[in-house]
There are 2 protein chains.
Amino acid sequence: MRFCSQCGSDQIVFEVPAGDSRPRHVCTACKVIHYQNPRVIAGCLVTHEDKVLLCRRAIEPRRNFWTLPAGFLENGESLAEGAARETWEEAAARVELDGLYGVFNTVHIHQIHVFYRGRLVDGVYGVGEESLETRLFSEADIPWEELAFPTVHKMLKYFFEDRKTGVFPVRVRDLPRRK
Amino acid sequence: MRFCSQCGSDQIVFEVPAGDSRPRHVCTACKVIHYQNPRVIAGCLVTHEDKVLLCRRAIEPRRNFWTLPAGFLENGESLAEGAARETWEEAAARVELDGLYGVFNTVHIHQIHVFYRGRLVDGVYGVGEESLETRLFSEADIPWEELAFPTVHKMLKYFFEDRKTGVFPVRVRDLPRRK
């Protein structure tokens with residue numbers, strides 16, 4: 001942050017405001033404090049029969065790698081709506097959601113990744129604008145070495161583990177912190 | 001947003017960027033798109049013996065009303081850490097967390113409220129700066145009409161319901177949308 005979005009001043013300092021315990025971007029001209037908070041990624045583990053839908057990313061970061069459909073939650077939508085929207089945008093697929101399934105803290109990048117489980121409606125899917133291709137993978141064929149993000153890896157591991165019992169508890173996990 | 005935080009220009013428009021589907025604050029001078037996303041509130045339903053810890057708010061909104069300790073999740077912390085920190089800040093209480101318990105979409109205010117269950121360490125609590133008082137309430141004494149927020153009401157209702165069975169599934173719910 002270089003300029004104050006309220007008054008346009010460039011007198012922005014990064015300091016601990018009075019009564020606070022953390023440094024913030026503070027405008028010394030108009031005194032407003034600019035808070036920055038973690039963002040939420042909403043995604044979906046979509047199945048059809050015994051397979052999972054993955055998307056090969058057309059955009060950075062991690063272009064060419066495989067992901068579960070997921071993206072930034074938008075103002076005005078619920079987590080479930082965000083998960084369904086991302087599935088539509090990335091895989092042109094409608095889903096019937098089965099419930100919240102994964103909540104992953106990715107603290108080092110200031111994100112929370114939230115996944116729903118869902119089933120493909122009528123088995124129909126396509127390729128969204130942010131994907132190079134999409135495909136249904138059986139467990140044996142998951143491209144483990146070519147997954148885009150650690151949270152995608154974790155969610156898939158949990159899924160194949162839980163599928164053995166047919167019980168899918170909400171999985172909560174902190175991803176390792178990196179600099 | 002009145003000024004661009006990147007270039008300081010006041011040429012901010014609110015429009016749908018090319019390739020996007022939602023209106024954003026866009027700087028026509030430097031072309032940067034300023035995204036705004038939902039924020040996460042992390043809180044804790046803290047028990048001691050058969051009672052629940054509530055805090056009477058010293059600050060707006062809803063000053064004087066009772067809440068579960070909760071507040072904005074900060075960059076650099078997990079949901080569990082945020083829930084514990086807020087409990088410390090509002091009720092000077094250390095908690096042992098029992099797990100994720102509530103995920104509530106409050107779409108109309110662009111927030112997700114996330115609650116953990118926890119137990120007071122050694123039964124010790126006090127009054128934090130953002131609270132006028134704090135108190136342990138048995139179910140019969142909960143000030144239902146003086147609760148600060150709908151999500152606090154929901155979380156407490158779920159808790160007393162689940163306590164009958166001793167099973168505490170993660171509760172997910174959309175709060176009614178208001179203008």
# chains A, B, ... in the order shown; residues from 1 in each chain; ligands from 1
$ calpha_fit_and_write --fixed "chain A" --moving "chain B" --output "mmCIF file with C-alpha atoms, in the first residue's frame"
data_model
loop_
_atom_site.group_PDB
_atom_site.id
_atom_site.type_symbol
_atom_site.label_atom_id
_atom_site.label_comp_id
_atom_site.auth_asym_id
_atom_site.auth_seq_id
_atom_site.Cartn_x
_atom_site.Cartn_y
_atom_site.Cartn_z
ATOM 1 C CA MET B 1 0.008 0.032 0.035
ATOM 2 C CA ARG B 2 1.580 3.279 -1.136
ATOM 3 C CA PHE B 3 -1.331 5.726 -1.053
ATOM 4 C CA CYS B 4 -4.275 6.107 1.279
ATOM 5 C CA SER B 5 -7.437 4.896 -0.428
ATOM 6 C CA GLN B 6 -9.491 7.327 1.668
ATOM 7 C CA CYS B 7 -7.593 10.614 1.250
ATOM 8 C CA GLY B 8 -4.979 9.945 -1.439
ATOM 9 C CA SER B 9 -2.039 10.916 0.785
ATOM 10 C CA ASP B 10 1.279 9.106 0.356
ATOM 11 C CA GLN B 11 2.015 9.512 4.073
ATOM 12 C CA ILE B 12 1.432 5.852 4.845
ATOM 13 C CA VAL B 13 3.371 4.303 7.693
ATOM 14 C CA PHE B 14 3.451 0.699 8.802
ATOM 15 C CA GLU B 15 3.224 0.785 12.567
ATOM 16 C CA VAL B 16 1.299 -0.469 15.577
ATOM 17 C CA PRO B 17 -1.674 1.871 16.122
ATOM 18 C CA ALA B 18 -2.487 2.998 19.683
ATOM 19 C CA GLY B 19 -4.392 0.276 21.500
ATOM 20 C CA ASP B 20 -3.467 -2.325 18.895
ATOM 21 C CA SER B 21 -0.868 -5.065 19.017
ATOM 22 C CA ARG B 22 0.005 -5.476 15.341
ATOM 23 C CA PRO B 23 1.533 -3.222 12.720
ATOM 24 C CA ARG B 24 -0.934 -1.815 10.206
ATOM 25 C CA HIS B 25 -0.819 0.523 7.273
ATOM 26 C CA VAL B 26 -1.842 3.804 8.842
ATOM 27 C CA CYS B 27 -2.404 7.085 7.027
ATOM 28 C CA THR B 28 -0.747 9.864 9.019
ATOM 29 C CA ALA B 29 -2.732 12.463 7.058
ATOM 30 C CA CYS B 30 -6.300 11.316 7.660
ATOM 31 C CA LYS B 31 -5.492 8.804 10.454
ATOM 32 C CA VAL B 32 -7.409 5.932 8.871
ATOM 33 C CA ILE B 33 -6.096 2.451 9.606
ATOM 34 C CA HIS B 34 -6.031 0.068 6.651
ATOM 35 C CA TYR B 35 -6.570 -3.451 7.900
ATOM 36 C CA GLN B 36 -5.533 -6.449 5.864
ATOM 37 C CA ASN B 37 -7.048 -9.828 6.595
ATOM 38 C CA PRO B 38 -6.764 -13.388 5.330
ATOM 39 C CA ARG B 39 -8.733 -14.308 2.236
ATOM 40 C CA VAL B 40 -10.861 -17.363 1.725
ATOM 41 C CA ILE B 41 -10.532 -19.813 -1.138
ATOM 42 C CA ALA B 42 -13.667 -21.875 -1.784
ATOM 43 C CA GLY B 43 -13.391 -25.090 -3.762
ATOM 44 C CA CYS B 44 -15.017 -28.402 -4.423
ATOM 45 C CA LEU B 45 -14.029 -32.035 -4.482
ATOM 46 C CA VAL B 46 -16.383 -33.198 -7.197
ATOM 47 C CA THR B 47 -16.954 -36.863 -7.870
ATOM 48 C CA HIS B 48 -18.687 -38.818 -10.572
ATOM 49 C CA GLU B 49 -19.061 -42.533 -9.956
ATOM 50 C CA ASP B 50 -15.683 -43.511 -8.484
ATOM 51 C CA LYS B 51 -13.742 -40.641 -10.010
ATOM 52 C CA VAL B 52 -12.659 -37.134 -8.985
ATOM 53 C CA LEU B 53 -12.783 -34.088 -11.229
ATOM 54 C CA LEU B 54 -9.516 -32.204 -11.633
ATOM 55 C CA CYS B 55 -8.661 -29.134 -13.700
ATOM 56 C CA ARG B 56 -5.329 -28.378 -15.305
ATOM 57 C CA ARG B 57 -4.650 -24.726 -14.672
ATOM 58 C CA ALA B 58 -4.450 -22.291 -17.574
ATOM 59 C CA ILE B 59 -3.271 -19.438 -15.380
ATOM 60 C CA GLU B 60 -0.538 -18.644 -12.910
ATOM 61 C CA PRO B 61 0.289 -19.530 -10.253
ATOM 62 C CA ARG B 62 0.965 -23.178 -11.018
ATOM 63 C CA ARG B 63 -0.100 -23.101 -14.638
ATOM 64 C CA ASN B 64 -0.210 -26.608 -16.129
ATOM 65 C CA PHE B 65 -0.659 -28.259 -12.747
ATOM 66 C CA TRP B 66 -3.817 -30.027 -11.652
ATOM 67 C CA THR B 67 -6.187 -28.628 -9.088
ATOM 68 C CA LEU B 68 -9.584 -29.104 -7.570
ATOM 69 C CA PRO B 69 -11.814 -26.299 -8.835
ATOM 70 C CA ALA B 70 -11.353 -23.456 -6.339
ATOM 71 C CA GLY B 71 -10.871 -19.728 -6.112
ATOM 72 C CA PHE B 72 -11.347 -16.598 -4.053
ATOM 73 C CA LEU B 73 -14.656 -16.356 -2.266
ATOM 74 C CA GLU B 74 -16.528 -13.263 -3.409
ATOM 75 C CA ASN B 75 -18.493 -10.740 -1.425
ATOM 76 C CA GLY B 76 -22.158 -11.652 -1.603
ATOM 77 C CA GLU B 77 -21.834 -15.410 -1.735
ATOM 78 C CA SER B 78 -21.705 -18.242 0.779
ATOM 79 C CA LEU B 79 -18.903 -20.792 0.898
ATOM 80 C CA ALA B 80 -21.148 -23.336 -0.800
ATOM 81 C CA GLU B 81 -22.064 -20.858 -3.522
ATOM 82 C CA GLY B 82 -18.406 -20.013 -4.041
ATOM 83 C CA ALA B 83 -17.476 -23.684 -4.313
ATOM 84 C CA ALA B 84 -20.225 -24.279 -6.872
ATOM 85 C CA ARG B 85 -19.383 -21.134 -8.838
ATOM 86 C CA GLU B 86 -15.718 -22.045 -9.088
ATOM 87 C CA THR B 87 -16.670 -25.511 -10.296
ATOM 88 C CA TRP B 88 -18.793 -23.925 -12.960
ATOM 89 C CA GLU B 89 -16.124 -21.410 -13.981
ATOM 90 C CA GLU B 90 -13.224 -23.858 -14.097
ATOM 91 C CA ALA B 91 -14.925 -27.034 -15.244
ATOM 92 C CA ALA B 92 -18.283 -25.927 -16.696
ATOM 93 C CA ALA B 93 -19.832 -28.393 -14.287
ATOM 94 C CA ARG B 94 -22.920 -28.195 -12.134
ATOM 95 C CA VAL B 95 -22.598 -29.891 -8.759
ATOM 96 C CA GLU B 96 -24.863 -31.176 -6.071
ATOM 97 C CA LEU B 97 -23.070 -30.392 -2.816
ATOM 98 C CA ASP B 98 -22.771 -32.953 -0.016
ATOM 99 C CA GLY B 99 -21.406 -30.632 2.624
ATOM 100 C CA LEU B 100 -18.373 -28.921 4.049
ATOM 101 C CA TYR B 101 -15.360 -31.201 3.932
ATOM 102 C CA GLY B 102 -12.024 -29.402 4.338
ATOM 103 C CA VAL B 103 -10.828 -26.307 6.197
ATOM 104 C CA PHE B 104 -7.134 -25.658 5.742
ATOM 105 C CA ASN B 105 -5.145 -22.812 7.212
ATOM 106 C CA THR B 106 -2.413 -21.670 4.868
ATOM 107 C CA VAL B 107 -1.102 -19.054 7.209
ATOM 108 C CA HIS B 108 2.049 -18.091 5.330
ATOM 109 C CA ILE B 109 0.012 -16.845 2.360
ATOM 110 C CA HIS B 110 -2.822 -15.410 4.456
ATOM 111 C CA GLN B 111 -5.418 -17.768 3.062
ATOM 112 C CA ILE B 112 -7.979 -20.246 4.305
ATOM 113 C CA HIS B 113 -8.870 -22.967 1.842
ATOM 114 C CA VAL B 114 -12.348 -24.386 2.262
ATOM 115 C CA PHE B 115 -13.576 -27.387 0.299
ATOM 116 C CA TYR B 116 -16.999 -28.895 -0.145
ATOM 117 C CA ARG B 117 -17.737 -32.374 -1.367
ATOM 118 C CA GLY B 118 -20.050 -32.583 -4.358
ATOM 119 C CA ARG B 119 -21.325 -34.783 -7.137
ATOM 120 C CA LEU B 120 -21.407 -33.957 -10.805
ATOM 121 C CA VAL B 121 -24.951 -33.398 -12.052
ATOM 122 C CA ASP B 122 -25.687 -35.848 -14.884
ATOM 123 C CA GLY B 123 -21.978 -36.530 -15.289
ATOM 124 C CA VAL B 124 -21.602 -33.396 -17.390
ATOM 125 C CA TYR B 125 -18.480 -31.280 -17.345
ATOM 126 C CA GLY B 126 -16.406 -29.197 -19.718
ATOM 127 C CA VAL B 127 -13.420 -26.880 -19.706
ATOM 128 C CA GLY B 128 -13.677 -23.436 -18.158
ATOM 129 C CA GLU B 129 -11.656 -20.390 -19.173
ATOM 130 C CA GLU B 130 -9.123 -20.801 -16.400
ATOM 131 C CA SER B 131 -8.433 -24.437 -17.298
ATOM 132 C CA LEU B 132 -6.424 -26.047 -20.074
ATOM 133 C CA GLU B 133 -8.274 -29.308 -19.645
ATOM 134 C CA THR B 134 -10.418 -31.094 -17.106
ATOM 135 C CA ARG B 135 -10.667 -34.789 -16.456
ATOM 136 C CA LEU B 136 -12.183 -37.387 -14.153
ATOM 137 C CA PHE B 137 -9.461 -39.371 -12.394
ATOM 138 C CA SER B 138 -9.754 -42.654 -10.566
ATOM 139 C CA GLU B 139 -7.647 -42.947 -7.426
ATOM 140 C CA ALA B 140 -4.967 -44.943 -9.224
ATOM 141 C CA ASP B 141 -4.562 -42.257 -11.860
ATOM 142 C CA ILE B 142 -4.375 -39.118 -9.729
ATOM 143 C CA PRO B 143 -1.341 -37.125 -10.914
ATOM 144 C CA TRP B 144 0.082 -36.739 -7.408
ATOM 145 C CA GLU B 145 3.330 -35.225 -8.615
ATOM 146 C CA GLU B 146 1.541 -32.670 -10.743
ATOM 147 C CA LEU B 147 -0.919 -31.241 -8.249
ATOM 148 C CA ALA B 148 -0.990 -27.465 -8.053
ATOM 149 C CA PHE B 149 -1.304 -26.854 -4.315
ATOM 150 C CA PRO B 150 -0.600 -28.629 -1.011
ATOM 151 C CA THR B 151 -4.210 -28.216 0.107
ATOM 152 C CA VAL B 152 -5.427 -30.031 -3.006
ATOM 153 C CA HIS B 153 -3.062 -32.884 -2.171
ATOM 154 C CA LYS B 154 -4.316 -33.041 1.421
ATOM 155 C CA MET B 155 -7.975 -32.932 0.452
ATOM 156 C CA LEU B 156 -7.553 -35.761 -2.042
ATOM 157 C CA LYS B 157 -5.606 -37.885 0.453
ATOM 158 C CA TYR B 158 -8.336 -37.421 3.050
ATOM 159 C CA PHE B 159 -10.998 -38.235 0.505
ATOM 160 C CA PHE B 160 -9.526 -41.555 -0.560
ATOM 161 C CA GLU B 161 -8.931 -42.446 3.082
ATOM 162 C CA ASP B 162 -12.469 -41.514 4.136
ATOM 163 C CA ARG B 163 -14.029 -43.226 1.152
ATOM 164 C CA LYS B 164 -12.967 -46.580 2.577
ATOM 165 C CA THR B 165 -15.305 -46.058 5.507
ATOM 166 C CA GLY B 166 -17.931 -43.935 3.798
ATOM 167 C CA VAL B 167 -17.673 -41.369 6.603
ATOM 168 C CA PHE B 168 -16.483 -37.896 5.645
ATOM 169 C CA PRO B 169 -15.846 -35.769 8.728
ATOM 170 C CA VAL B 170 -14.900 -32.130 8.230
ATOM 171 C CA ARG B 171 -11.131 -32.198 7.924
ATOM 172 C CA VAL B 172 -9.302 -29.319 9.567
ATOM 173 C CA ARG B 173 -5.596 -28.864 9.158
ATOM 174 C CA ASP B 174 -2.836 -26.284 9.305
ATOM 175 C CA LEU B 175 -0.485 -26.381 6.369
ATOM 176 C CA PRO B 176 3.198 -26.016 7.213
ATOM 177 C CA ARG B 177 4.275 -22.397 7.499
ATOM 178 C CA ARG B 178 6.923 -21.133 5.158
ATOM 179 C CA LYS B 179 8.713 -17.836 4.856
#
$ select_by_dssp --residues "region 30-158 of chain B" --states "strand (DSSP E or B)" --output "MDAnalysis selection string"
chainID B and resid 33:34 39:48 51:57 66:67 70:72 95:106 111:120 131:137 147
$ select_by_dssp --residues "region 11-170 of chain A" --states "alpha helix (DSSP H)" --output "number ranges by chain"
A: 79-91, 150-163
